[in-house]
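Visitor: Starting off with a structure, shown below.
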Amino acid sequence: MSLFGIIASIIDGVLVGSVYGLAAMGLTLIWGVMDVVNLTHGSMIVAGMFALYLLTSVLGITPYATLLPVLVGGFLVGLALYWIAVHRMIGRAPLMSLLSTFSVNLVLIGLGTAVWGTVLFNVPVSFPGVTWQRYTFPGTHLLAAALTAVIAACLYVFLYRTRLGKAIRAVAGNRQAAELMGIPTTRVLALAFALGVALAGVSGMLIATLFPFTLLSGDAYQLKSFVVIVLGGLGNPTGALLGGIALGLLEGLVTPFIPVSWTLVIEFALFVTVLIAFPRGVFALRRS
Amino acid sequence: MTAILEVQEVGKSFGGVRAVDRLSFVIEEREILGLIGPNGAGKSTLFNLINGVFRPDAGRVRFCGADITGASPHRVARLGLARTHQIVQPLEAMTVLENCAVGACFGRENLPRARAQEAAREAAVFVGLEDRLDTPAAQLTIAGKKRLELARALAAQPLLLLLDEVLAGLNPTEVERMIGVIRRLRERGITILIIEHLMQAIMSLSDRIVVLNYGKRLAEGTPASVANDPQVIEAYLGDPALARELAGKTRA
Amino acid sequence: MSDALLSVEGLEAGYGEVQVLWGISFQARRSALTTLVGANGAGKTTTLRAVVGALRPSGGRVLFNGEDVTRLPAHAKAARGLVLVPEGRQLFAEMTVAENLEMGGYSKRASRSFAVHLERCFTLFPRLAERRRQRAGTLSGGEQQMLAIARGLMSDPEILMVDELSLGLAPVVLHQLFETLKLLRDDGLTIVLVEQNVHLAFALSDHAYVVAEGKLFTDGPPEALADMPEIRRAYLGL
Amino acid sequence: MLRRPFFWVIALVVAVFAAAPAIGNNVELRESLVLATVYITLATNLNVVLGYAGYVNFGSIVFFGLGGYLCVYLMGAPAWPLPVALFAAGAAVSLLALVFGLGILRLRGAYFALATIGVNEGVEAFVENFTPFGGSSGLYLPVTMFKPLGGPMAALWIVYFLLVAIMGASLYLSYAVKRSKFGLGLLAIGQNEDAAQVLGVPTRRYKALAYSLTAFLPALAGGLYFFKSAFIQPSDAFDLTFSTEAIVIIMLGGQGTVTGPALGAYLYEELRGWLLTSDTFSNFQLVIAGSLLLIIVLFLPGGLMGWLYGRWPRLRSLLE
């Protein structure tokens with residue numbers, strides 16, 4: 001393969017990787033704020049995918065117009081999940097929140113498979129691409145990356161420039177002190193959780209514009225999110241985006257050279273190694 | 001007399017702050033050495049450096065002649081150095097007896113489980129927990145948990161015991177009892193290094209006192225000499241002059 | 001004392017199954033500085049935490065401005081001006097000084113006069129103004145304590161409760177902080193102080209309470225208490 | 001040992017499992033009990049790490065799957081006899097677990113839990129690409145493999161009795177560990193790892209040892225299970241649902257108790273059997289498992305045995 005081919009592969013990897021980063025942002029936000037590993041993450045990604053499918057095929061909405069409903073719907077679902085499965089687990093042993101979110105995941109996946117089975121879905125989305133040398137970058141990839149960048153920027157502005165966003169960071173830093181400052185921490189936790197779920201949903205929707213999916217795809221993307229946040233540093237949304245891009249870069253870099261099926265092996269080996277070597281994440285510069 | 005613990009030029013920093021700064025002192029066998037100083041002076045950090053929870057940045061720690069600098073806590077415990085925690089660390093779901101059995105099993109004697117039961121019972125009775133043997137640790141009062149900390153350490157049959165504020169949070173009667181327990185420990189041949197804020201207690205218990213301030217040794221000597229040291233009064237007991245000055249301004 | 005801004009009656013609280021407070025009572029007079037003293041572990045910190053709602057009281061009442069606020073969550077009490085500067089500062093270490101102050105002024109009540117409070121904090125603590133963009137975790141111990149107090153002041157407190165102001169501070173810094181508290185009190189702020197440095201606390205207090213074993217042992221003017229030998233020995237560590 | 005009531009409980013369970021299908025040569029019952037023995041084996045071993053030492057392992061199935069693969073592989077091309085292949089597989093998996101354990105057990109809480117998922121998925125992805133193991137299409141055993149055991153009919157009975165024995169051994173292991181010094185150390189780690197270390201518990205070594213020790217019997221069970229079906233493929237061998245169910249079982253029965261996992265496995269099996277035969281619920285197996293787990297986590301965190309011991313403390317001294 002030519003050098004151009006490799007470069008093109010890497011660029012495409014980065015485009016797709018940024019969407020992984022978006023998914024991971026939701027997961028890492030929740031982890032950072034309330035020390036909960038949200039194991040409903042995978043099913044929320046799948047929910048985003050199916051939301052795209054249903055909204056476009058049943059209601060006939062144009063694919064990218066589903067972004068807003070998915071965001072709002074994800075937020076509401078997240079609020080409900082927080083009160084059902086997470087609220088009572090705050091501050092308890094990590095096992096408990098792992099298990100409670102895990103059990104909700106089982107329920108959701110179980111319900112989903114009972115209704116839709118595990119067949120492959122594909123949402124036809126077309127968007128003009130960009131051609132460079134002999135290589136064409138699909139428009140869907142470019143648009144997904146662009147939307148990811150916009151959403152990530154919005155999240156950054158929200159967390160660092162608004163009062164409510166800062167309150168989320170304050171609660172993440174020291175919940176007790178935040179409460180003493182008059183911040184209603186329980187509401188802030190629910191908000192952060194809902195936001196994390198909404199991000200997972202939107203990322204699922206974007207991923208569904210790129211690749212076909214099944215009801216069980218969530219697991220794979222959840223694992224990718226884990227890899228990404230371990231690279232990016234737990235609880236660090238900016239790091240998550242970098243981690244996602246790094247993962248995409250890696251995928252783009254290795255696919256020209258080795259069979260695609262080995263990338264999973266490499267990713268998991270990387271995941272476990274990074275986890276052991278840098279428990280705080282490779283890009284975790286902020287946490288001392 | 002022979003030194004049981006030698007701390008030589010030990011230092012430790014956290015993010016640029018020197019918690020313990022080139023500190024040296026020695027504890028003789030069967031001695032009770034008191035360690036005092038303001039909050040944040042580095043006392044608990046020093047304990048963590050001695051028993052291996054932290055690794056010193058500099059200096060050496062010798063215990064019974066062996067270099068234990070940077071050795072892991074479980075190895076230090078096995079050698080016969082036990083400690084209590086300022087913030088009690090009970091194994092909550094386990095009973096008093098089981099808590100003590102952990103100490104006995106993995107302490108200096110390295111007892112098998114069956115024999116550890118005996119040592120555990122004895123230690124629990126020694127500190128006065130005889131009627132709570134089968135109570136889960138979580139259900140003890142603060143005073144009970146403090147006692148449990150001590151019992152667990154004792155069950156290990158230590159040569160040297162590090163006591164981190166075992167009297168804090170006890171009422172005067174309980175303090176008296178605990179002081180009695182500590183005295184009897186020394187009679188059993190255990191050397192004791194004790195951190196304590198209750199001045200009355202530490203002055204009467206200790207053979208010698210080391211005063212820490214900002215991780216450094218501020219003074220060392222008999223309780224009487226330390227209590228009259230103006231530097232100590234300023235750093236730890238509060239500066240009477242400063243107090244008077246403020247008082248003057250307020251009531252003027 | 002009819003002009004008590006805060007009145008605590010028979011407060012009981014604890015952690016899990018362990019009860020720490022066994023019916024403690026005290027009052028804080030308007031525009032006065034009240035001190036709680038007592039041995040380590042006597043329940044002073046627990047008292048403050050139960051008063052502001054960081055810990056749920058299991059019995060007794062907390063009356064603030066004549067209103068029963070016992071069961072309100074901490075954030076609601078803070079929003080009414082019942083503010084605690086907690087032991088060990090509890091700053092938002094990853095956030096800047098300015099952001100910490102902004103969080104202090106989070107409640108609706110406090111945010112109304114945000115600019116005025118910020119101005120006052122920077123006047124009281126010029127160091128903080130210099131370091132407004134610095135992360136709180138990188139400040140020195142004294143600066144952190146200043147920020148903790150300033151953050152409490154940003155909440156527009158009617159009553160400011162300060163837990164262990166002197167913890168790990170150099171005497172010079174401590175002196176300065178006590179001066180600031182005195183200034184605030186003379187300005188009309190009601191202050192409740194828990195302090196292990198009894199000398200300093202008494203020098204500043206209008207009234208003092210001695211706490212022992214989770215109960216009120218005695219109270220009175222600080223000079224009178226300091227003169228009682230049995231109190232000096234048993235509870236003040238003098 | 002013989003004077004402990006629990007020893008007789010284990011003996012009774014094993015005897016019932018062995019005798020029930022054997023009386024009247026009830027093959028149907030035997031096949032339904034096979035899964036129960038596997039569940040009890042997996043849950044009981046997992047409980048030592050999860051319930052005693054407090055380390056949540058989401059990927060415990062990796063031992064089972066690797067044991068299966070190694071055993072089937074060794075009986076295939078190298079044509080090792082079953083006992084040798086089985087033992088070699090068990091030993092190899094234990095060793096591997098020790099190596100993995102020393103690495104990932106440095107992580108705590110959620111970090112460890114994630115790493116276990118990573119290990120399981122990584123191993124599965126690896127096996128899918130590993131040609132000696134047949135890649136994603138898996139490995140088959142020829143029917144002649146059953147010959148040395150007296151033909152397929154007899155072989156299936158032997159495998160079943162071996163699985164029952166492994167189940168019994170697992171229960172005994174769990175019980176013996178809990179009563180031993182090693183178990184005391186693990187329980188201390190589960191309560192407060194730092195305090196345990198200060199008390200002298202060699203935490204790192206104990207954790208790795210527990211991880212390795214509890215890999216052995218599940219590996220044997222995996223070997224037998226896949227020998228029995230004469231076929232193994234990655235998606236069966238490393239099915240995370242299996243690990244998940246083991247966790248549900250432990251939580252249902254009571255984490256950290258000796259009897260809990262067995263009781264939980266039995267109840268879960270009953271429930272599953274009932275759900276699978278019921279028209280309304282056959283599609284909702286995961287939904288039921290999930291709801292059950294959520295209810296336990298929210299309202300009964302000690303599980304059934306935890307609840308029973310809470311009500312009748314004397315029961316604990318009798319059974320634990």
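By convention here, the chains of the structure tokens are called A, B, ... in the order presented, each chain's residues are numbered starting at 1, and ligands are numbered starting at 1 in the order presented.
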Which residues of chain A have any atom within 8 Å of an atom in chain D when counting only C-alpha atoms, and what is the closest pair of atoms for each, with the distance in Å to one decimal? Order the rows by chain and rising number and write it as a Markdown table.

Guide:
| residue | atom | partner | partner_atom | distance |
| --- | --- | --- | --- | --- |
| A:Val37 | CA | D:Ala110 | CA | 7.0 |
| A:Ala85 | CA | D:Leu294 | CA | 7.6 |
| A:Arg88 | CA | D:Leu298 | CA | 7.4 |
| A:Pro94 | CA | D:Gly109 | CA | 6.1 |
| A:Leu95 | CA | D:Val56 | CA | 6.5 |
| A:Met96 | CA | D:Val297 | CA | 6.5 |
| A:Leu98 | CA | D:Ala110 | CA | 7.7 |
| A:Leu99 | CA | D:Val297 | CA | 7.1 |
| A:Ser100 | CA | D:Leu294 | CA | 5.4 |
| A:Phe102 | CA | D:Gly290 | CA | 7.7 |
| A:Ser103 | CA | D:Gly290 | CA | 4.2 |
| A:Val104 | CA | D:Gly290 | CA | 6.1 |
| A:Asn105 | CA | D:Gly290 | CA | 7.4 |
| A:Leu106 | CA | D:Gly290 | CA | 4.9 |
| A:Val107 | CA | D:Val287 | CA | 4.0 |
| A:Leu108 | CA | D:Val287 | CA | 7.1 |
| A:Ile109 | CA | D:Leu286 | CA | 7.5 |
| A:Gly110 | CA | D:Leu286 | CA | 4.8 |
| A:Leu111 | CA | D:Val287 | CA | 6.3 |
| A:Ala114 | CA | D:Asn283 | CA | 5.5 |
| A:Leu223 | CA | D:Gly118 | CA | 7.7 |
| A:Phe226 | CA | D:Leu114 | CA | 7.6 |
| A:Ser261 | CA | D:Asn129 | CA | 6.9 |
| A:Trp262 | CA | D:Asn129 | CA | 6.8 |
| A:Leu264 | CA | D:Ala125 | CA | 6.1 |
| A:Val265 | CA | D:Gly122 | CA | 5.2 |
| A:Ile266 | CA | D:Gly122 | CA | 8.0 |
| A:Glu267 | CA | D:Gly122 | CA | 7.9 |
| A:Phe268 | CA | D:Gly122 | CA | 4.9 |
| A:Ala269 | CA | D:Gly122 | CA | 6.4 |
| A:Phe271 | CA | D:Gly118 | CA | 6.8 |
| A:Val272 | CA | D:Ala115 | CA | 5.7 |
| A:Leu275 | CA | D:Ala115 | CA | 7.2 |
| A:Ile276 | CA | D:Ile104 | CA | 6.3 |
| A:Pro279 | CA | D:Leu107 | CA | 7.6 |

Visitor: With 10 Å as the limit and counting only C-alpha atoms, what residues in chain B lie close to chain D? Please list them as a PyMOL selection string.

Guide: chain B and resi 48+51-53+72-85+88-94+98-108+110-114+116+152-153+155-156

Visitor: Hey, can you spit out that residue selection with C-alpha atoms as a compact mmCIF listing (two decimals), in the first residue's frame?

Guide:
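Everything below was put into result_26.txt:
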# COMPACT_ATOMS: atom_id res chain seq x y z
CA ASN B 48 3.52 5.64 57.49
CA ASN B 51 5.80 0.90 58.70
CA GLY B 52 6.14 0.99 54.94
CA VAL B 53 2.84 2.54 53.84
CA SER B 72 6.14 -3.34 52.32
CA PRO B 73 3.82 -2.97 55.33
CA HIS B 74 3.09 -6.67 55.63
CA ARG B 75 6.79 -7.50 55.89
CA VAL B 76 7.30 -4.87 58.54
CA ALA B 77 4.33 -6.24 60.46
CA ARG B 78 5.77 -9.75 60.26
CA LEU B 79 9.02 -8.49 61.79
CA GLY B 80 7.13 -7.39 64.89
CA LEU B 81 6.20 -3.78 64.28
CA ALA B 82 2.49 -3.15 64.80
CA ARG B 83 0.50 0.07 64.66
CA THR B 84 -2.88 1.64 65.19
CA HIS B 85 -4.50 4.26 62.98
CA VAL B 88 -9.83 3.76 62.94
CA GLN B 89 -9.68 1.11 60.23
CA PRO B 90 -11.82 -1.75 61.48
CA LEU B 91 -12.56 -4.73 59.24
CA GLU B 92 -16.18 -3.79 59.60
CA ALA B 93 -18.13 -6.92 58.74
CA MET B 94 -15.80 -9.10 60.81
CA GLU B 98 -11.87 -12.17 63.78
CA ASN B 99 -10.28 -8.73 63.59
CA CYS B 100 -7.82 -9.73 66.29
CA ALA B 101 -7.26 -13.11 64.65
CA VAL B 102 -6.02 -11.31 61.53
CA GLY B 103 -3.48 -9.53 63.69
CA ALA B 104 -2.41 -12.77 65.35
CA CYS B 105 -2.24 -14.82 62.17
CA PHE B 106 -0.11 -12.38 60.23
CA GLY B 107 1.92 -10.85 63.03
CA ARG B 108 5.33 -11.66 64.39
CA ASN B 110 2.80 -16.00 62.22
CA LEU B 111 0.36 -18.28 64.02
CA PRO B 112 -1.81 -20.90 62.35
CA ARG B 113 -5.51 -20.11 62.39
CA ALA B 114 -6.39 -22.43 65.27
CA ALA B 116 -4.49 -17.45 66.50
CA ARG B 152 -5.49 -6.14 66.81
CA ALA B 153 -2.01 -4.70 67.01
CA ALA B 155 -2.52 -9.85 68.96
CA ALA B 156 0.44 -9.66 66.59

Visitor: Taking 5 positions as the minimum chain separation for residues in the same chain, which residues sit within 7 Å of stretch 152-167 of chain C when counting only C-alpha atoms? Answer as a VMD selection string.

Guide: (chain A and resid 181) or (chain B and resid 39) or (chain C and resid 45 81 to 87 101 104 to 105 110 117 to 118 174 189 to 197)

Visitor: Specify as a list in words all residues of chain A found within 9 Å of chain C, counting only C-alpha atoms.

Guide: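 My answer is Arg163, Lys166, Ala167, Arg169, Ala170, Val171, Ala172, Gly173, Asn174, Gln176, Ala177, Ala178, Glu179, Leu180, Met181, Gly182, Ile183, Pro184, Thr185, Arg286, Arg287 and Ser288 of chain A.
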
Visitor: Using DSSP on the backbone coordinates, identify all residues within stretch 56-228 of chain D classified as alpha helix (DSSP H); present the result as a PyMOL selection string.

Guide: chain D and resi 61-76+82-104+109-129+151-179+181-191+193-198+203-228

Visitor: Any idea what's packed within 7 Å of D:Gly68, counting only C-alpha atoms, ignoring anything in its chain fewer than 6 positions away? Could you give it as a ChimeraX atom specification?

Guide: /D:219,222-223,226

Visitor: Using all heavy atoms, can you write the selected residues to a file as an mmCIF file, in the first residue's frame?

Guide:
data_model
loop_
_atom_site.group_PDB
_atom_site.id
_atom_site.type_symbol
_atom_site.label_atom_id
_atom_site.label_comp_id
_atom_site.auth_asym_id
_atom_site.auth_seq_id
_atom_site.Cartn_x
_atom_site.Cartn_y
_atom_site.Cartn_z
ATOM 1 N N ALA D 219 -11.542 -24.388 35.163
ATOM 2 C CA ALA D 219 -10.865 -24.854 33.946
ATOM 3 C C ALA D 219 -11.171 -26.330 33.702
ATOM 4 O O ALA D 219 -11.437 -26.743 32.573
ATOM 5 C CB ALA D 219 -9.364 -24.630 34.057
ATOM 6 N N GLY D 222 -14.625 -26.590 32.490
ATOM 7 C CA GLY D 222 -14.680 -26.203 31.082
ATOM 8 C C GLY D 222 -14.185 -27.332 30.188
ATOM 9 O O GLY D 222 -14.792 -27.635 29.150
ATOM 10 N N GLY D 223 -13.074 -27.948 30.590
ATOM 11 C CA GLY D 223 -12.536 -29.064 29.811
ATOM 12 C C GLY D 223 -13.570 -30.157 29.639
ATOM 13 O O GLY D 223 -13.822 -30.635 28.523
ATOM 14 N N PHE D 226 -16.742 -29.079 27.450
ATOM 15 C CA PHE D 226 -16.565 -29.021 25.997
ATOM 16 C C PHE D 226 -16.134 -30.371 25.431
ATOM 17 O O PHE D 226 -16.376 -30.671 24.269
ATOM 18 C CB PHE D 226 -15.603 -27.896 25.622
ATOM 19 C CG PHE D 226 -16.214 -26.548 25.833
ATOM 20 C CD1 PHE D 226 -15.829 -25.748 26.909
ATOM 21 C CD2 PHE D 226 -17.206 -26.090 24.986
ATOM 22 C CE1 PHE D 226 -16.418 -24.514 27.119
ATOM 23 C CE2 PHE D 226 -17.799 -24.857 25.197
ATOM 24 C CZ PHE D 226 -17.404 -24.069 26.262
#

Visitor: What does the structure give for the distance between atom CA of A:Thr56 and atom CA of A:Gly248, in Å to one decimal?

Guide: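 According to the coordinates, atom CA of A:Thr56 and atom CA of A:Gly248 are separated by 27.5 Å.
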
Visitor: Identify which of the residues C:Asp219, C:Glu12, C:Asp68, C:Glu213 lies closest to C:Leu48, counting only C-alpha atoms when measuring atom-to-atom distances.

Guide: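 The answer is C:Glu12, which sits nearest to C:Leu48.
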
Visitor: Could you give me the residues within stretch 86-238 of chain C that DSSP places in strand (DSSP E), as a ChimeraX atom specification?

Guide: /C:159-163,190-194,207-212,215-220

Visitor: Of the candidates C:Ala50, C:Ala98, C:Cys121, C:Ala42, which one gets nearest to chain B if we count only C-alpha atoms?

Guide: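 That would be C:Ala42, the residue with the smallest distance to chain B.
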
Visitor: Excluding same-chain residues fewer than 3 positions from A:Ala144, what lies within 10 Å of it counting only C-alpha atoms, as a PyMOL selection string?

Guide: chain A and resi 15-16+18-19+64+139-141+147-150+203+205-207+209-210

Visitor: For those residues, write N, CA, C and O atoms to a file as a PDB file, in the first residue's frame.

Guide:
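Okay, selection-v6.pdb is ready:
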ATOM      1  N   LEU A  15     -11.078  10.244  11.987  1.00  0.00           N
ATOM      2  CA  LEU A  15     -12.463  10.707  11.846  1.00  0.00           C
ATOM      3  C   LEU A  15     -13.398   9.805  12.651  1.00  0.00           C
ATOM      4  O   LEU A  15     -14.228  10.268  13.434  1.00  0.00           O
ATOM      5  N   VAL A  16     -13.235   8.491  12.451  1.00  0.00           N
ATOM      6  CA  VAL A  16     -14.109   7.551  13.149  1.00  0.00           C
ATOM      7  C   VAL A  16     -13.795   7.539  14.650  1.00  0.00           C
ATOM      8  O   VAL A  16     -14.684   7.502  15.496  1.00  0.00           O
ATOM      9  N   SER A  18     -12.832   9.868  16.536  1.00  0.00           N
ATOM     10  CA  SER A  18     -13.387  11.000  17.292  1.00  0.00           C
ATOM     11  C   SER A  18     -14.799  10.670  17.767  1.00  0.00           C
ATOM     12  O   SER A  18     -15.216  11.109  18.831  1.00  0.00           O
ATOM     13  N   VAL A  19     -15.527   9.868  16.962  1.00  0.00           N
ATOM     14  CA  VAL A  19     -16.873   9.490  17.395  1.00  0.00           C
ATOM     15  C   VAL A  19     -16.787   8.534  18.599  1.00  0.00           C
ATOM     16  O   VAL A  19     -17.590   8.626  19.527  1.00  0.00           O
ATOM     17  N   TYR A  64     -29.669  13.460   9.932  1.00  0.00           N
ATOM     18  CA  TYR A  64     -28.971  14.355  10.857  1.00  0.00           C
ATOM     19  C   TYR A  64     -29.925  15.228  11.672  1.00  0.00           C
ATOM     20  O   TYR A  64     -29.534  15.845  12.656  1.00  0.00           O
ATOM     21  N   GLY A 139     -18.519  11.117   3.093  1.00  0.00           N
ATOM     22  CA  GLY A 139     -19.127  12.303   3.704  1.00  0.00           C
ATOM     23  C   GLY A 139     -19.662  12.035   5.088  1.00  0.00           C
ATOM     24  O   GLY A 139     -19.596  12.886   5.978  1.00  0.00           O
ATOM     25  N   THR A 140     -20.175  10.810   5.289  1.00  0.00           N
ATOM     26  CA  THR A 140     -20.713  10.487   6.613  1.00  0.00           C
ATOM     27  C   THR A 140     -19.621  10.564   7.665  1.00  0.00           C
ATOM     28  O   THR A 140     -19.838  11.046   8.778  1.00  0.00           O
ATOM     29  N   HIS A 141     -18.421  10.085   7.325  1.00  0.00           N
ATOM     30  CA  HIS A 141     -17.316  10.122   8.291  1.00  0.00           C
ATOM     31  C   HIS A 141     -16.944  11.556   8.624  1.00  0.00           C
ATOM     32  O   HIS A 141     -16.747  11.911   9.781  1.00  0.00           O
ATOM     33  N   LEU A 147     -19.560  16.960  13.536  1.00  0.00           N
ATOM     34  CA  LEU A 147     -20.575  17.084  14.587  1.00  0.00           C
ATOM     35  C   LEU A 147     -19.986  16.762  15.953  1.00  0.00           C
ATOM     36  O   LEU A 147     -20.294  17.408  16.961  1.00  0.00           O
ATOM     37  N   THR A 148     -19.126  15.739  15.991  1.00  0.00           N
ATOM     38  CA  THR A 148     -18.456  15.398  17.247  1.00  0.00           C
ATOM     39  C   THR A 148     -17.687  16.597  17.783  1.00  0.00           C
ATOM     40  O   THR A 148     -17.766  16.926  18.959  1.00  0.00           O
ATOM     41  N   ALA A 149     -16.962  17.251  16.861  1.00  0.00           N
ATOM     42  CA  ALA A 149     -16.162  18.407  17.286  1.00  0.00           C
ATOM     43  C   ALA A 149     -17.072  19.488  17.862  1.00  0.00           C
ATOM     44  O   ALA A 149     -16.761  20.087  18.901  1.00  0.00           O
ATOM     45  N   VAL A 150     -18.211  19.722  17.204  1.00  0.00           N
ATOM     46  CA  VAL A 150     -19.131  20.757  17.689  1.00  0.00           C
ATOM     47  C   VAL A 150     -19.666  20.383  19.076  1.00  0.00           C
ATOM     48  O   VAL A 150     -19.673  21.198  20.000  1.00  0.00           O
ATOM     49  N   SER A 203     -23.695   9.593  20.277  1.00  0.00           N
ATOM     50  CA  SER A 203     -22.584   8.895  19.625  1.00  0.00           C
ATOM     51  C   SER A 203     -23.102   7.647  18.923  1.00  0.00           C
ATOM     52  O   SER A 203     -22.670   7.325  17.813  1.00  0.00           O
ATOM     53  N   MET A 205     -26.030   7.263  17.658  1.00  0.00           N
ATOM     54  CA  MET A 205     -26.711   7.732  16.452  1.00  0.00           C
ATOM     55  C   MET A 205     -25.707   8.039  15.339  1.00  0.00           C
ATOM     56  O   MET A 205     -25.904   7.658  14.189  1.00  0.00           O
ATOM     57  N   LEU A 206     -24.605   8.678  15.701  1.00  0.00           N
ATOM     58  CA  LEU A 206     -23.592   9.002  14.697  1.00  0.00           C
ATOM     59  C   LEU A 206     -22.912   7.740  14.162  1.00  0.00           C
ATOM     60  O   LEU A 206     -22.651   7.614  12.969  1.00  0.00           O
ATOM     61  N   ILE A 207     -22.627   6.800  15.078  1.00  0.00           N
ATOM     62  CA  ILE A 207     -21.987   5.552  14.645  1.00  0.00           C
ATOM     63  C   ILE A 207     -22.900   4.817  13.659  1.00  0.00           C
ATOM     64  O   ILE A 207     -22.448   4.235  12.675  1.00  0.00           O
ATOM     65  N   THR A 209     -24.744   6.063  11.522  1.00  0.00           N
ATOM     66  CA  THR A 209     -24.656   6.627  10.172  1.00  0.00           C
ATOM     67  C   THR A 209     -23.416   6.110   9.433  1.00  0.00           C
ATOM     68  O   THR A 209     -23.290   6.284   8.232  1.00  0.00           O
ATOM     69  N   LEU A 210     -22.495   5.506  10.197  1.00  0.00           N
ATOM     70  CA  LEU A 210     -21.242   5.045   9.588  1.00  0.00           C
ATOM     71  C   LEU A 210     -21.262   3.556   9.280  1.00  0.00           C
ATOM     72  O   LEU A 210     -20.815   3.123   8.236  1.00  0.00           O
TER      73      LEU A 210
END

Visitor: Mind checking which residues fall within 12 Å of C:Arg127, counting only C-alpha atoms, ignoring those fewer than 6 positions away in the same chain, and posting them as a list in words?

Guide: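 My list of contacting residues is Val97, Cys121, Arg133, Gln134, Leu139, Ser140, Gly142, Glu143, Gln144, Gln145, Met146, Leu147 and Ala150 of chain C.
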
Visitor: Based on the selection just made, write N, CA and C atoms of those residues as a PDB file, in the first residue's frame.

Guide:
ATOM      1  N   VAL C  97      -9.027  29.585  41.704  1.00  0.00           N
ATOM      2  CA  VAL C  97      -9.454  30.368  42.859  1.00  0.00           C
ATOM      3  C   VAL C  97     -10.769  31.065  42.536  1.00  0.00           C
ATOM      4  N   CYS C 121     -14.161  40.017  49.317  1.00  0.00           N
ATOM      5  CA  CYS C 121     -13.190  38.943  49.516  1.00  0.00           C
ATOM      6  C   CYS C 121     -11.803  39.385  49.069  1.00  0.00           C
ATOM      7  N   ARG C 133      -6.510  33.154  39.024  1.00  0.00           N
ATOM      8  CA  ARG C 133      -6.525  32.186  37.930  1.00  0.00           C
ATOM      9  C   ARG C 133      -5.763  30.899  38.258  1.00  0.00           C
ATOM     10  N   GLN C 134      -5.206  30.857  39.446  1.00  0.00           N
ATOM     11  CA  GLN C 134      -4.411  29.686  39.822  1.00  0.00           C
ATOM     12  C   GLN C 134      -5.329  28.581  40.348  1.00  0.00           C
ATOM     13  N   LEU C 139      -2.233  26.162  45.833  1.00  0.00           N
ATOM     14  CA  LEU C 139      -1.998  27.229  46.814  1.00  0.00           C
ATOM     15  C   LEU C 139      -1.282  26.674  48.042  1.00  0.00           C
ATOM     16  N   SER C 140      -0.662  27.555  48.808  1.00  0.00           N
ATOM     17  CA  SER C 140      -0.052  27.142  50.068  1.00  0.00           C
ATOM     18  C   SER C 140      -1.152  26.913  51.108  1.00  0.00           C
ATOM     19  N   GLY C 142      -1.790  28.285  53.970  1.00  0.00           N
ATOM     20  CA  GLY C 142      -2.423  29.501  54.467  1.00  0.00           C
ATOM     21  C   GLY C 142      -3.374  30.086  53.439  1.00  0.00           C
ATOM     22  N   GLU C 143      -2.910  30.125  52.177  1.00  0.00           N
ATOM     23  CA  GLU C 143      -3.755  30.662  51.104  1.00  0.00           C
ATOM     24  C   GLU C 143      -5.004  29.811  50.927  1.00  0.00           C
ATOM     25  N   GLN C 144      -4.841  28.501  51.093  1.00  0.00           N
ATOM     26  CA  GLN C 144      -6.003  27.611  50.972  1.00  0.00           C
ATOM     27  C   GLN C 144      -7.027  27.912  52.058  1.00  0.00           C
ATOM     28  N   GLN C 145      -6.521  28.168  53.265  1.00  0.00           N
ATOM     29  CA  GLN C 145      -7.459  28.475  54.348  1.00  0.00           C
ATOM     30  C   GLN C 145      -8.147  29.803  54.087  1.00  0.00           C
ATOM     31  N   MET C 146      -7.374  30.766  53.541  1.00  0.00           N
ATOM     32  CA  MET C 146      -7.987  32.053  53.165  1.00  0.00           C
ATOM     33  C   MET C 146      -9.093  31.811  52.150  1.00  0.00           C
ATOM     34  N   LEU C 147      -8.786  30.988  51.150  1.00  0.00           N
ATOM     35  CA  LEU C 147      -9.765  30.729  50.097  1.00  0.00           C
ATOM     36  C   LEU C 147     -10.997  30.048  50.688  1.00  0.00           C
ATOM     37  N   ALA C 150     -12.927  32.719  52.340  1.00  0.00           N
ATOM     38  CA  ALA C 150     -13.481  33.616  51.318  1.00  0.00           C
ATOM     39  C   ALA C 150     -14.640  32.939  50.600  1.00  0.00           C
TER      40      ALA C 150
END

Visitor: Hey, what's within 10 Å of A:Pro212 if we count only C-alpha atoms and toss same-chain stuff fewer than 6 positions away? As a PyMOL selection string, please?

Guide: chain A and resi 49+120-124
